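The structure file entry-v4.pdb is reproduced below (PDB, C-alpha atoms, pLDDT in the B column).
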```
ATOM      1  CA  MET A  30      52.824  52.018   8.388  1.00 58.00           C
ATOM      2  CA  ILE A  31      50.612  48.973   7.771  1.00 65.00           C
ATOM      3  CA  ALA A  32      47.865  48.375  10.300  1.00 66.00           C
ATOM      4  CA  GLU A  33      47.249  44.784  11.273  1.00 73.00           C
ATOM      5  CA  LYS A  34      43.791  43.518  10.424  1.00 73.00           C
ATOM      6  CA  THR A  35      41.898  41.060  12.568  1.00 74.00           C
ATOM      7  CA  PRO A  36      41.544  37.820  10.605  1.00 74.00           C
ATOM      8  CA  ILE A  37      38.004  37.128   9.442  1.00 77.00           C
ATOM      9  CA  GLN A  38      36.638  33.802  10.617  1.00 76.00           C
ATOM     10  CA  PRO A  39      35.199  31.657   7.804  1.00 74.00           C
ATOM     11  CA  VAL A  40      31.456  31.164   7.928  1.00 72.00           C
ATOM     12  CA  PRO A  41      30.680  27.472   8.549  1.00 74.00           C
ATOM     13  CA  LEU A  42      28.829  25.931   5.636  1.00 74.00           C
ATOM     14  CA  MET A  43      25.473  24.384   6.393  1.00 76.00           C
ATOM     15  CA  ALA A  44      24.925  20.888   5.093  1.00 75.00           C
ATOM     16  CA  ALA A  45      22.855  20.994   1.925  1.00 75.00           C
ATOM     17  CA  PRO A  46      19.422  19.424   2.339  1.00 83.00           C
ATOM     18  CA  GLN A  47      19.098  15.971   0.847  1.00 91.00           C
ATOM     19  CA  ILE A  48      17.252  16.013  -2.483  1.00 92.00           C
ATOM     20  CA  ARG A  49      15.111  12.939  -2.999  1.00 93.00           C
ATOM     21  CA  ILE A  50      15.544  11.044  -6.272  1.00 94.00           C
ATOM     22  CA  VAL A  51      12.586   9.023  -7.534  1.00 94.00           C
ATOM     23  CA  GLU A  52      12.931   6.555 -10.397  1.00 96.00           C
ATOM     24  CA  SER A  53      10.501   7.181 -13.246  1.00 96.00           C
ATOM     25  CA  THR A  54       9.808   3.441 -13.415  1.00 96.00           C
ATOM     26  CA  ASP A  55       8.460   3.649  -9.842  1.00 96.00           C
ATOM     27  CA  ILE A  56       6.131   6.498 -10.813  1.00 96.00           C
ATOM     28  CA  PHE A  57       4.901   5.223 -14.183  1.00 98.00           C
ATOM     29  CA  ARG A  58       4.723   1.488 -13.258  1.00 97.00           C
ATOM     30  CA  GLY A  59       4.772   0.318 -16.875  1.00 96.00           C
ATOM     31  CA  GLN A  60       2.489   3.074 -18.181  1.00 98.00           C
ATOM     32  CA  THR A  61       3.562   5.897 -20.498  1.00 97.00           C
ATOM     33  CA  GLU A  62       1.289   8.567 -19.018  1.00 98.00           C
ATOM     34  CA  ILE A  63       0.286   9.619 -15.504  1.00 98.00           C
ATOM     35  CA  MET A  64      -1.773  12.399 -13.970  1.00 98.00           C
ATOM     36  CA  ILE A  65      -0.367  14.514 -11.131  1.00 97.00           C
ATOM     37  CA  ARG A  66      -2.520  16.677  -8.868  1.00 98.00           C
ATOM     38  CA  HIS A  67      -0.657  19.747  -7.569  1.00 97.00           C
ATOM     39  CA  GLU A  68      -2.486  22.351  -5.490  1.00 97.00           C
ATOM     40  CA  GLY A  69      -5.802  21.240  -6.958  1.00 97.00           C
ATOM     41  CA  VAL A  70      -4.651  21.404 -10.585  1.00 98.00           C
ATOM     42  CA  ILE A  71      -4.256  18.232 -12.664  1.00 98.00           C
ATOM     43  CA  TYR A  72      -1.099  17.883 -14.762  1.00 98.00           C
ATOM     44  CA  ARG A  73      -0.301  15.173 -17.295  1.00 98.00           C
ATOM     45  CA  MET A  74       3.191  13.695 -17.496  1.00 98.00           C
ATOM     46  CA  LYS A  75       4.000  11.560 -20.516  1.00 98.00           C
ATOM     47  CA  ILE A  76       6.999   9.549 -21.717  1.00 98.00           C
ATOM     48  CA  THR A  77       7.632  10.241 -25.413  1.00 98.00           C
ATOM     49  CA  ARG A  78       8.734   7.670 -27.976  1.00 96.00           C
ATOM     50  CA  GLN A  79      12.244   9.106 -27.621  1.00 97.00           C
ATOM     51  CA  GLY A  80      12.129   8.437 -23.857  1.00 96.00           C
ATOM     52  CA  LYS A  81      11.817  12.072 -22.790  1.00 98.00           C
ATOM     53  CA  LEU A  82       9.320  13.435 -20.270  1.00 98.00           C
ATOM     54  CA  ILE A  83       6.682  16.037 -21.101  1.00 98.00           C
ATOM     55  CA  LEU A  84       4.618  17.780 -18.419  1.00 98.00           C
ATOM     56  CA  ASN A  85       1.418  19.565 -19.513  1.00 98.00           C
ATOM     57  CA  LYS A  86      -1.151  21.488 -17.537  1.00 96.00           C
TER
END
```
Take the structure from the file and write it as structure tokens.
Amino acid sequence: MIAEKTPIQPVPLMAAPQIRIVESTDIFRGQTEIMIRHEGVIYRMKITRQGKLILNK
């Protein structure tokens, strides 16, 4: 004899929080290097000749 199971209600999915996208041109403003202060520590972000980003502490 097969017992009937109560159907499980699907859990409603929460909307994913919006992730902000910032253009690098807005951050660098024509420069190839910027300094970023995070929790009191200064980081350097640089655009390489190949167009990649490097972040150093």
(request) Tell me, in Å to one decimal, how far CA of Arg73 in chain A is from CA of Gln47 in chain A. (result) 26.6 Å
(message) Can you tell me which residues surround Glu62 in chain A at a distance of at most 10 Å, considering only C-alpha atoms, apart from same-chain residues fewer than 4 positions away, and format the answer as a ChimeraX atom specification?
(response) /A:56-58,73-77,82-84
Selection to disk with C-alpha atoms, as a PDB file, in the frame of the given file:
```
ATOM      1  CA  ILE A  56       6.131   6.498 -10.813  1.00 96.00           C
ATOM      2  CA  PHE A  57       4.901   5.223 -14.183  1.00 98.00           C
ATOM      3  CA  ARG A  58       4.723   1.488 -13.258  1.00 97.00           C
ATOM      4  CA  ARG A  73      -0.301  15.173 -17.295  1.00 98.00           C
ATOM      5  CA  MET A  74       3.191  13.695 -17.496  1.00 98.00           C
ATOM      6  CA  LYS A  75       4.000  11.560 -20.516  1.00 98.00           C
ATOM      7  CA  ILE A  76       6.999   9.549 -21.717  1.00 98.00           C
ATOM      8  CA  THR A  77       7.632  10.241 -25.413  1.00 98.00           C
ATOM      9  CA  LEU A  82       9.320  13.435 -20.270  1.00 98.00           C
ATOM     10  CA  ILE A  83       6.682  16.037 -21.101  1.00 98.00           C
ATOM     11  CA  LEU A  84       4.618  17.780 -18.419  1.00 98.00           C
TER      12      LEU A  84
END
```
(request) Report the distance between CA of Lys86 in chain A and CA of Ile71 in chain A in Å, rounded to one decimal place. (result)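 If I compute the distance from CA of Lys86 in chain A to CA of Ile71 in chain A, I get 6.6 Å.
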Could you write out as lines of an AutoDock Vina configuration file the box around range 65-75 of chain A (axis-aligned, all atoms listed in the file, 3 Å on each side), with centre and edge lengths in Å to one decimal?
```
center_x = -0.9
center_y = 17.0
center_z = -13.0
size_x = 15.8
size_y = 16.8
size_z = 21.0
```
(message) As an exercise, work out the distance from CA of Pro46 in chain A to CA of Gly80 in chain A in Å and give it to one decimal place.
(response)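 According to the coordinates, CA of Pro46 in chain A and CA of Gly80 in chain A are separated by 29.3 Å.
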